[in-house]
>>> print(open('data23.cif').read())   # mmCIF, C-alpha atoms
data_protein
loop_
_atom_site.label_atom_id
_atom_site.label_comp_id
_atom_site.auth_asym_id
_atom_site.auth_seq_id
_atom_site.Cartn_x
_atom_site.Cartn_y
_atom_site.Cartn_z
CA MET U 1 85.80 138.98 132.13
CA LYS U 2 83.13 140.73 134.09
CA LEU U 3 82.69 144.48 133.93
CA ILE U 4 83.80 144.96 137.53
CA THR U 5 87.18 143.73 136.30
CA HIS U 6 87.05 145.86 133.14
CA ASN U 7 86.41 148.91 135.31
CA MET U 8 89.78 148.49 137.01
CA LEU U 9 92.01 147.88 133.99
CA SER U 10 94.09 150.39 132.02
CA CYS U 11 96.39 150.16 129.04
CA HIS U 12 99.93 150.49 130.39
CA ILE U 13 102.02 150.62 127.22
CA LYS U 14 104.96 152.95 127.77
CA GLY U 15 104.03 156.51 126.80
CA VAL U 16 100.25 156.02 126.88
CA LYS U 17 98.61 158.77 128.91
CA ASN U 18 94.90 157.96 128.66
CA GLY U 19 94.73 154.18 128.78
CA PHE U 20 91.37 154.07 130.58
CA PRO U 21 88.85 152.74 129.92
CA PHE U 22 89.47 150.01 127.39
CA LYS U 23 87.01 149.82 124.52
CA ILE U 24 85.58 146.36 124.05
CA GLN U 25 85.41 144.14 120.99
CA ALA U 26 82.72 141.62 121.91
CA ASP U 27 82.81 138.37 119.94
CA LYS U 28 81.09 136.18 122.51
CA VAL U 29 79.13 137.42 125.52
CA GLU U 30 77.54 135.32 128.26
CA SER U 31 75.61 135.99 131.41
CA ARG U 32 75.85 134.06 134.66
CA ASP U 33 73.57 134.36 137.65
CA ALA U 34 75.34 135.86 140.63
CA ASP U 35 73.93 136.30 144.15
CA PHE U 36 72.26 139.68 144.50
CA ASP U 37 73.84 141.53 147.43
CA PRO U 38 72.68 145.18 147.74
CA GLN U 39 75.20 145.92 150.49
CA PHE U 40 78.10 144.82 148.28
CA LEU U 41 76.80 147.06 145.51
CA ARG U 42 76.50 150.04 147.84
CA ASN U 43 80.02 149.47 149.14
CA ILE U 44 81.65 149.19 145.73
CA PHE U 45 79.63 151.92 144.03
CA GLY U 46 82.08 154.67 145.01
CA ARG U 47 84.96 152.85 143.31
CA ILE U 48 83.20 152.37 139.98
CA GLU U 49 83.74 154.81 137.11
CA TRP U 50 80.15 155.04 135.98
CA ASP U 51 80.68 156.22 132.40
CA ALA U 52 83.17 153.41 131.79
CA LEU U 53 80.74 150.82 133.17
CA ARG U 54 77.79 152.16 131.20
CA ASP U 55 79.70 152.25 127.91
CA ALA U 56 81.24 148.82 128.48
CA ALA U 57 77.82 147.37 129.29
CA ALA U 58 76.40 148.91 126.11
CA SER U 59 79.16 147.28 124.04
CA LEU U 60 78.10 143.93 125.54
CA GLY U 61 74.47 144.58 124.61
CA VAL U 62 73.28 145.78 128.03
CA ASP U 63 71.79 149.23 127.56
CA ASN U 64 69.53 149.79 130.57
CA LEU U 65 72.01 151.70 132.75
CA PRO U 66 71.10 155.35 133.41
CA GLN U 67 73.20 158.13 131.92
CA THR U 68 74.01 159.65 135.28
CA VAL U 69 73.86 158.27 138.80
CA SER U 70 73.63 159.53 142.35
CA ALA U 71 73.99 157.92 145.76
CA GLU U 72 70.21 158.10 146.33
CA MET U 73 69.71 155.62 143.50
CA LEU U 74 71.37 152.97 145.66
CA GLU U 75 68.06 152.69 147.55
CA ASP U 76 66.15 151.93 144.35
CA ASP U 77 65.72 148.23 143.71
CA ASP U 78 65.35 148.49 139.94
CA PHE U 79 68.57 150.45 139.72
CA LEU U 80 70.42 148.00 141.99
CA GLN U 81 69.27 145.06 139.86
CA ALA U 82 70.52 146.74 136.69
CA PHE U 83 73.82 147.70 138.34
CA HIS U 84 74.24 144.14 139.68
CA HIS U 85 73.60 142.59 136.28
CA ALA U 86 76.03 144.87 134.44
CA LEU U 87 78.76 144.68 137.07
CA LEU U 88 78.73 141.01 138.06
CA GLU U 89 76.69 138.89 135.64
CA VAL U 90 77.44 139.90 132.08
CA THR U 91 80.78 138.47 131.01
CA LEU U 92 82.96 138.75 127.93
CA GLU U 93 84.05 135.25 126.93
CA GLU U 94 85.82 135.99 123.66
CA GLY U 95 86.95 139.28 122.18
CA ALA U 96 89.46 142.00 122.92
CA LEU U 97 90.21 145.06 125.00
CA ILE U 98 91.22 148.00 122.84
CA CYS U 99 93.47 150.76 124.14
CA PRO U 100 91.55 154.06 123.74
CA GLU U 101 94.73 155.92 122.78
CA THR U 102 96.74 153.56 120.58
CA GLY U 103 94.17 151.04 119.41
CA ARG U 104 96.39 148.18 120.61
CA LYS U 105 94.28 145.07 121.16
CA PHE U 106 94.62 142.82 124.18
CA SER U 107 92.92 139.50 123.59
CA VAL U 108 90.24 138.05 125.84
CA SER U 109 90.12 134.30 125.43
CA LYS U 110 88.01 131.85 127.48
CA GLY U 111 87.01 134.86 129.54
CA ILE U 112 90.60 135.75 130.50
CA PRO U 113 92.08 139.09 129.40
CA ASN U 114 95.80 138.96 128.63
CA LEU U 115 97.43 142.25 129.63
CA LEU U 116 101.04 141.13 129.16
CA LEU U 117 103.06 143.55 127.04
CA ASN U 118 105.61 142.82 124.33
CA GLU U 119 109.19 143.76 125.14
CA ASP U 120 109.11 146.85 122.94
CA GLU U 121 106.04 148.16 124.77
CA THR U 122 107.50 148.40 128.26
CA MET A 1 81.03 125.87 155.86
CA LYS A 2 83.05 123.53 158.05
CA LEU A 3 86.79 123.12 157.57
CA LYS A 4 86.43 119.50 156.48
CA GLU A 5 83.79 120.36 153.89
CA LEU A 6 85.97 123.12 152.49
CA GLU A 7 88.98 120.82 152.34
CA SER A 8 87.09 118.08 150.48
CA LEU A 9 85.79 120.63 147.99
CA LEU A 10 89.31 121.91 147.39
CA GLN A 11 90.66 118.40 146.95
CA THR A 12 88.85 118.35 143.60
CA VAL A 13 90.89 121.34 142.36
CA ASP A 14 93.62 120.24 139.94
CA VAL A 15 97.09 121.65 140.59
CA PHE A 16 100.06 122.28 138.28
CA GLU A 17 100.93 119.37 136.02
CA GLU A 18 104.38 120.76 135.28
CA PRO A 19 105.36 123.50 137.73
CA LYS A 20 107.63 126.16 136.23
CA ALA A 21 110.79 126.72 138.23
CA GLU A 22 111.38 130.20 136.80
CA LEU A 23 108.04 131.31 138.25
CA GLU A 24 108.72 129.39 141.46
CA GLN A 25 105.39 127.64 141.06
CA TYR A 26 104.38 125.16 143.69
CA PRO A 27 100.86 124.15 144.43
CA THR A 28 98.91 125.38 147.41
CA GLY A 29 97.55 122.10 148.75
CA ALA A 30 93.88 121.67 149.55
CA HIS A 31 94.67 121.32 153.23
CA VAL A 32 96.80 124.46 153.50
CA ALA A 33 94.26 126.47 151.51
CA ALA A 34 91.34 125.24 153.60
CA VAL A 35 93.06 125.97 156.92
CA MET A 36 94.13 129.41 155.72
CA LEU A 37 90.73 130.50 154.40
CA HIS A 38 88.76 128.99 157.25
CA MET A 39 90.91 130.83 159.76
CA ILE A 40 90.62 134.15 157.89
CA GLU A 41 86.84 133.96 157.79
CA GLY A 42 86.54 132.61 161.32
CA SER A 43 88.75 135.27 162.87
CA TYR A 44 88.13 138.38 160.78
CA GLN A 45 85.16 137.77 158.41
CA ASP A 46 87.23 139.28 155.60
CA LEU A 47 85.91 136.95 152.86
CA GLU A 48 82.13 136.57 152.92
CA GLY A 49 80.33 139.29 150.98
CA HIS A 50 83.55 141.06 149.99
CA PHE A 51 85.57 141.73 146.87
CA VAL A 52 88.74 139.66 147.13
CA VAL A 53 91.88 139.58 144.98
CA ASP A 54 94.07 136.45 144.73
CA LEU A 55 97.58 137.39 143.58
CA GLY A 56 99.52 134.66 141.80
CA CYS A 57 96.37 132.56 141.76
CA GLY A 58 97.93 129.64 139.90
CA THR A 59 95.29 127.00 139.27
CA GLY A 60 92.73 128.80 141.41
CA MET A 61 92.86 126.96 144.75
CA LEU A 62 92.51 130.03 146.98
CA SER A 63 90.08 131.80 144.62
CA ILE A 64 87.73 128.82 144.59
CA GLY A 65 87.99 128.46 148.35
CA ALA A 66 87.19 132.14 148.91
CA ALA A 67 84.18 131.86 146.61
CA ALA A 68 83.02 128.78 148.52
CA LEU A 69 83.18 130.80 151.74
CA GLY A 70 80.90 133.42 150.24
CA SER A 71 83.13 136.12 148.73
CA GLN A 72 80.85 138.09 146.45
CA GLN A 73 83.52 138.53 143.80
CA VAL A 74 87.07 137.16 143.49
CA LEU A 75 89.67 138.28 140.94
CA GLY A 76 92.50 135.80 140.42
CA ILE A 77 95.62 137.25 138.76
CA ASP A 78 98.54 135.25 137.37
CA VAL A 79 101.21 135.73 134.73
CA ASP A 80 101.11 132.15 133.46
CA ALA A 81 98.62 131.25 130.70
CA ASP A 82 98.85 127.49 131.39
CA ALA A 83 98.00 127.92 135.05
CA LEU A 84 95.10 130.22 134.21
CA GLU A 85 93.69 127.79 131.67
CA LEU A 86 93.64 125.07 134.31
CA ALA A 87 92.21 127.56 136.82
CA ALA A 88 89.34 128.32 134.42
CA THR A 89 88.54 124.60 134.16
CA ASN A 90 88.75 124.19 137.94
CA ILE A 91 86.43 127.16 138.48
CA GLU A 92 83.94 125.77 135.98
CA GLU A 93 84.00 122.36 137.68
CA ALA A 94 83.64 123.87 141.16
CA GLU A 95 80.60 125.74 139.77
CA CYS A 96 81.78 129.11 141.02
CA SER A 97 82.36 130.91 137.71
CA CYS A 98 79.66 133.36 138.73
CA SER A 99 81.92 134.73 141.44
CA VAL A 100 85.50 134.26 140.17
CA ASP A 101 87.14 136.24 137.36
CA LEU A 102 90.66 135.68 136.01
CA LEU A 103 93.25 138.08 134.62
CA GLN A 104 96.62 137.43 132.98
CA ALA A 105 99.08 140.09 134.10
CA SER A 106 102.49 140.43 135.67
CA ILE A 107 102.43 141.24 139.38
CA ALA A 108 105.21 143.78 138.88
CA ASP A 109 103.00 145.62 136.33
CA LEU A 110 99.82 145.80 138.40
CA GLU A 111 100.28 149.38 139.54
CA HIS A 112 100.31 150.36 135.85
CA CYS A 113 97.73 148.03 134.30
CA CYS A 114 95.33 148.05 137.28
CA PRO A 115 95.90 151.44 138.94
CA ARG A 116 92.26 151.52 140.05
CA LEU A 117 92.19 148.01 141.47
CA LYS A 118 91.11 148.06 145.12
CA ALA A 119 89.72 145.11 147.07
CA HIS A 120 88.65 144.62 150.67
CA THR A 121 90.98 141.65 151.03
CA VAL A 122 94.00 140.22 149.21
CA ILE A 123 94.82 136.54 149.64
CA MET A 124 97.95 134.93 148.24
CA ASN A 125 100.49 132.17 148.36
CA PRO A 126 103.36 134.04 146.71
CA PRO A 127 106.71 132.68 145.51
CA PHE A 128 108.95 132.36 148.56
CA GLY A 129 111.59 134.35 146.72
CA THR A 130 114.26 131.70 147.05
CA ARG A 131 114.71 131.26 143.29
CA CYS A 132 113.41 134.60 142.10
CA LYS A 133 115.04 137.06 144.47
CA GLY A 134 112.65 139.73 145.63
CA ALA A 135 109.54 138.05 144.20
CA ASP A 136 108.00 137.86 147.66
CA VAL A 137 108.59 141.59 148.18
CA ALA A 138 107.04 142.49 144.80
CA PHE A 139 103.92 140.48 145.68
CA LEU A 140 103.60 142.13 149.08
CA GLN A 141 104.04 145.61 147.68
CA ALA A 142 101.36 144.96 145.06
CA ALA A 143 99.05 143.48 147.69
CA PHE A 144 99.48 146.46 150.03
CA GLN A 145 98.47 148.79 147.18
CA ILE A 146 95.32 146.81 146.40
CA ALA A 147 93.91 145.82 149.81
CA THR A 148 91.75 148.39 151.58
CA HIS A 149 91.56 146.25 154.73
CA ALA A 150 93.87 143.26 154.95
CA VAL A 151 96.37 141.04 153.15
CA TYR A 152 96.69 137.37 154.03
CA SER A 153 99.79 135.64 152.77
CA LEU A 154 101.79 132.43 153.28
CA HIS A 155 105.54 132.64 153.88
CA LYS A 156 108.17 130.19 155.06
CA SER A 157 108.45 130.26 158.83
CA SER A 158 112.21 130.49 158.44
CA THR A 159 111.78 133.98 156.95
CA ARG A 160 109.65 135.33 159.81
CA GLY A 161 112.18 137.94 160.91
CA HIS A 162 112.68 139.16 157.36
CA LEU A 163 108.93 139.48 156.84
CA GLN A 164 108.46 141.35 160.10
CA ARG A 165 111.13 143.91 159.14
CA LEU A 166 109.67 144.24 155.65
CA ALA A 167 106.18 144.83 157.04
CA ASP A 168 107.49 147.37 159.57
CA ARG A 169 109.11 149.26 156.71
CA LEU A 170 106.19 149.11 154.25
CA LEU A 171 103.22 149.39 156.63
CA GLY A 172 104.50 150.73 159.90
CA LYS A 173 104.83 148.91 163.18
CA GLY A 174 102.01 146.87 164.62
CA ARG A 175 100.31 146.10 161.35
CA ALA A 176 101.62 142.58 160.79
CA GLN A 177 101.05 139.37 162.70
CA VAL A 178 101.51 135.65 162.26
CA MET A 179 98.09 134.05 162.68
CA CYS A 180 99.26 130.45 162.68
CA GLN A 181 101.85 128.06 161.42
CA ILE A 182 100.75 125.42 158.93
CA ASN A 183 102.57 122.31 157.86
CA PHE A 184 102.94 122.62 154.11
CA ASP A 185 103.62 118.99 153.29
CA LEU A 186 101.71 116.76 155.62
CA PRO A 187 97.99 116.92 154.96
CA SER A 188 96.89 115.57 158.32
CA SER A 189 98.60 117.94 160.70
CA TYR A 190 98.89 121.62 161.33
CA GLY A 191 99.51 123.98 164.19
CA PHE A 192 102.77 124.24 166.02
CA HIS A 193 104.99 121.26 165.27
CA ARG A 194 108.36 122.29 166.56
CA GLU A 195 109.92 118.92 165.92
CA ARG A 196 109.46 119.24 162.16
CA SER A 197 112.15 120.77 160.03
CA LYS A 198 111.57 124.47 159.57
CA ASP A 199 111.58 124.58 155.78
CA ILE A 200 108.24 122.80 155.47
CA GLN A 201 106.50 125.07 157.95
CA VAL A 202 104.74 128.13 156.62
CA ASP A 203 103.30 131.10 158.48
CA LEU A 204 99.90 132.56 157.70
CA TRP A 205 100.46 136.29 157.97
CA ARG A 206 97.85 138.98 158.36
CA PHE A 207 98.84 142.46 157.26
CA GLN A 208 96.41 145.21 158.15
CA THR A 209 96.33 147.89 155.47
CA ALA A 210 93.39 150.02 156.67
CA ALA A 211 94.17 152.91 158.98
CA SER A 212 92.94 151.82 162.37
#
>>> encode(input="data23.cif", output="C-alpha cells")
Amino acid sequence: MKLITHNMLSCHIKGVKNGFPFKIQADKVESRDADFDPQFLRNIFGRIEWDALRDAAASLGVDNLPQTVSAEMLEDDDFLQAFHHALLEVTLEEGALICPETGRKFSVSKGIPNLLLNEDET
Amino acid sequence: MKLKELESLLQTVDVFEEPKAELEQYPTGAHVAAVMLHMIEGSYQDLEGHFVVDLGCGTGMLSIGAAALGSQQVLGIDVDADALELAATNIEEAECSCSVDLLQASIADLEHCCPRLKAHTVIMNPPFGTRCKGADVAFLQAAFQIATHAVYSLHKSSTRGHLQRLADRLLGKGRAQVMCQINFDLPSSYGFHRERSKDIQVDLWRFQTAAS
C-alpha cells in the first residue's frame, strides 16, 4: 500500500464519525522506484490531505516532509522529489491500518489492505 | 506501445483458476483488455500520466495493461482475496509494482471506505449482472463517483439499451457512447461481427463524468 492509497481511505464501521486518516502499524516497509512526473504531482496535490500524508510518511520512517505546504512549493524540485517519494515510492508491505476513533485494526498483508467489515460492523 | 506488444504482455497475466459464480467472476482475456486499453489511450489519452482506478480488478489484467501504457498510478480494487493474491503475483511478474496498488474492499462500500477517492479515469470489466442482479449498476454508480473525467467499461452488447437508459438517468443525456464492439471469446477477431451470436459480443462504453 502506497501513501497515495492511504490518503484516500477511511474507516467505515457503522457509527464511526472520524475514520480518517488511518494510523499505521508498520511491520515491513519497502520502497520502489517510480517514474518522477512533476505534472502528475502538481495535478494531484490539491486532492491530498497534507497532514495525513506527512504523518503516515513519518510512521513509515520518512520524515523529510515539511510541516505546512503551499502551491508555490510545487515549483521547487527538492520538495517535489520528497512529495513523490512519500506519495508513490514508499510502500507498506505488512502491518495494519488502525481506525483513529475505535482502534479497530485492518490488516495489510503482501501490500494489500483489507477493508472488509464483519457483519456486526455494518 | 503497439496493440500486439500490449496483447503479448497481457498474455503472461494469469487469470482465475477457479472463478466464483457468486461474484460472477470471468476473466478479461488478454485480447479484450489490449483492444480496450489501446483504444482508450489512442482516442482520448486518458491513461498515460494519470491516476487510474480499476474496479473489480480480479487478477489485475486491466491494471497491468494501464500501467504498461504509462498510467502514473493505478489502484486495483476487488472484494476477493484469492483474486488479489494472484493479481499481486501477476503485477510482480509484469514488473509494474511501482505503479499498481491493490485494495480489498466491497464495491458497494466504496463511498464509505474511500469517500476521498478520485481518479482521472476508471476502467473496469464489471459483472454483467446476470447472476447478481444490479451488480452492474452498483459498479457504474461507484465508478461515476470516483472518475473526474471518464469511465470505460465493458458490457454485453445485448444490454445496450439498458445501459443507455441507465447512463441517461445517472449522468444526463449525451454523456455515454459505445466506442466499439469486441468479441469476447475469439481472440483473433474484433470489431463488428453481426453474424456472431449477441451474447459473446461486448461493448466498450465511454462515460464522460467531467462537466464539459
>>> closest_atom_pairs(input="data23.cif", of="chain U", to="chain A", cutoff="10 Å", atoms="all atoms listed in the file", output="Markdown table")
| residue | atom | partner | partner_atom | distance |
| --- | --- | --- | --- | --- |
| U:Met1 | CA | A:Asp101 | CA | 6.1 |
| U:Lys2 | CA | A:Asp101 | CA | 6.9 |
| U:Leu3 | CA | A:Asp101 | CA | 10.0 |
| U:Ile4 | CA | A:Gln73 | CA | 9.0 |
| U:Thr5 | CA | A:Asp101 | CA | 7.6 |
| U:His6 | CA | A:Cys114 | CA | 9.5 |
| U:Asn7 | CA | A:Arg116 | CA | 8.0 |
| U:Met8 | CA | A:Arg116 | CA | 5.0 |
| U:Leu9 | CA | A:Cys114 | CA | 4.7 |
| U:Ser10 | CA | A:Cys113 | CA | 4.9 |
| U:Cys11 | CA | A:Cys113 | CA | 5.8 |
| U:His12 | CA | A:Cys113 | CA | 5.1 |
| U:Ile13 | CA | A:Cys113 | CA | 8.7 |
| U:Lys14 | CA | A:His112 | CA | 9.7 |
| U:Gly19 | CA | A:Cys113 | CA | 8.8 |
| U:Phe20 | CA | A:Cys113 | CA | 9.5 |
| U:Ser31 | CA | A:Cys98 | CA | 8.8 |
| U:Arg32 | CA | A:Cys98 | CA | 5.6 |
| U:Asp33 | CA | A:Cys98 | CA | 6.3 |
| U:Ala34 | CA | A:Cys98 | CA | 5.3 |
| U:Asp35 | CA | A:Gln72 | CA | 7.5 |
| U:Phe36 | CA | A:Gln72 | CA | 9.0 |
| U:Asp37 | CA | A:Gly49 | CA | 7.7 |
| U:Gln39 | CA | A:Gly49 | CA | 8.4 |
| U:Phe40 | CA | A:Gly49 | CA | 6.5 |
| U:Leu41 | CA | A:Gln72 | CA | 9.9 |
| U:Asn43 | CA | A:His50 | CA | 9.2 |
| U:Ile44 | CA | A:Phe51 | CA | 8.5 |
| U:Arg47 | CA | A:Lys118 | CA | 8.0 |
| U:Ile48 | CA | A:Arg116 | CA | 9.1 |
| U:Glu49 | CA | A:Arg116 | CA | 9.6 |
| U:Leu88 | CA | A:Cys98 | CA | 7.7 |
| U:Glu89 | CA | A:Cys98 | CA | 7.0 |
| U:Val90 | CA | A:Cys98 | CA | 9.6 |
| U:Thr91 | CA | A:Asp101 | CA | 9.3 |
| U:Val108 | CA | A:Leu103 | CA | 9.3 |
| U:Ser109 | CA | A:Glu85 | CA | 9.7 |
| U:Lys110 | CA | A:Ala88 | CA | 7.9 |
| U:Gly111 | CA | A:Leu102 | CA | 7.5 |
| U:Ile112 | CA | A:Leu103 | CA | 5.4 |
| U:Pro113 | CA | A:Leu103 | CA | 5.4 |
| U:Asn114 | CA | A:Gln104 | CA | 4.7 |
| U:Leu115 | CA | A:Ala105 | CA | 5.2 |
| U:Leu116 | CA | A:Ala105 | CA | 5.4 |
| U:Leu117 | CA | A:Ala105 | CA | 8.8 |
| U:Thr122 | CA | A:Asp109 | CA | 9.6 |
>>> resolve_selection(input="data23.cif", expression="the PyMOL selection byres ((chain A and resi 23) around 10)", output="list in words")
Pro19, Lys20, Ala21, Glu22, Glu24, Gln25, Tyr26, Gly56, Val79, Asp80, Pro127, Gly129, Arg131, Cys132 and Ala135 of chain A
>>> resolve_selection(input="data23.cif", expression="the PyMOL selection byres ((chain A and resi 182) around 7)", output="ChimeraX atom specification")
/A:32,180-181,183-184,190-191,201-203
>>> write_last_selection(input="data23.cif", atoms="C-alpha atoms", output="PDB file, in the frame of the given file")
ATOM      1  CA  VAL A  32      96.800 124.460 153.500  1.00  0.00           C
ATOM      2  CA  CYS A 180      99.260 130.450 162.680  1.00  0.00           C
ATOM      3  CA  GLN A 181     101.850 128.060 161.420  1.00  0.00           C
ATOM      4  CA  ASN A 183     102.570 122.310 157.860  1.00  0.00           C
ATOM      5  CA  PHE A 184     102.940 122.620 154.110  1.00  0.00           C
ATOM      6  CA  TYR A 190      98.890 121.620 161.330  1.00  0.00           C
ATOM      7  CA  GLY A 191      99.510 123.980 164.190  1.00  0.00           C
ATOM      8  CA  GLN A 201     106.500 125.070 157.950  1.00  0.00           C
ATOM      9  CA  VAL A 202     104.740 128.130 156.620  1.00  0.00           C
ATOM     10  CA  ASP A 203     103.300 131.100 158.480  1.00  0.00           C
TER      11      ASP A 203
END
>>> closest_residue(input="data23.cif", among="U:Glu93, U:Asp55, U:Asp77, U:Glu72", to="U:Glu30", atoms="all atoms listed in the file")
U:Glu93
>>> closest_residue(input="data23.cif", among="A:Ala33, A:Leu154, A:Leu62, A:Ala143", to="A:Thr209", atoms="all atoms listed in the file")
A:Ala143
>>> axis_aligned_box(input="data23.cif", around="stretch 37-48 of chain U", padding_each_side="6 Å", output="AutoDock Vina command-line options")
--center_x 78.8 --center_y 148.1 --center_z 145.2 --size_x 24.3 --size_y 25.1 --size_z 22.5
>>> resolve_selection(input="data23.cif", expression="the PyMOL selection byres ((chain U and resi 57) around 10)", output="list in words")
Lys2, Leu3, Ile24, Asp51, Ala52, Leu53, Arg54, Asp55, Ala56, Ala58, Ser59, Leu60, Gly61, Val62, Asp63, Asn64, Leu65, Phe83, His85, Ala86, Leu87, Val90 and Thr91 of chain U
>>> atom_distance(input="data23.cif", atom1="atom CA of A:Leu69", atom2="atom CA of A:Arg175")
24.9 Å
>>> closest_residue(input="data23.cif", among="A:Gln45, A:Ile200, A:Val137, A:Gly60", to="A:Ala150", atoms="only C-alpha atoms")
A:Gln45
>>> atom_distance(input="data23.cif", atom1="atom CA of A:Met1", atom2="atom CA of A:Tyr152")
19.5 Å
>>> residues_around(input="data23.cif", residues="A:Leu86", least_positions_apart="4", cutoff="9 Å", atoms="only C-alpha atoms", output="ChimeraX atom specification")
/A:14-16,58-60,81-82,90-91
>>> atom_distance(input="data23.cif", atom1="atom CA of A:Phe144", atom2="atom CA of A:Gly161")
18.8 Å
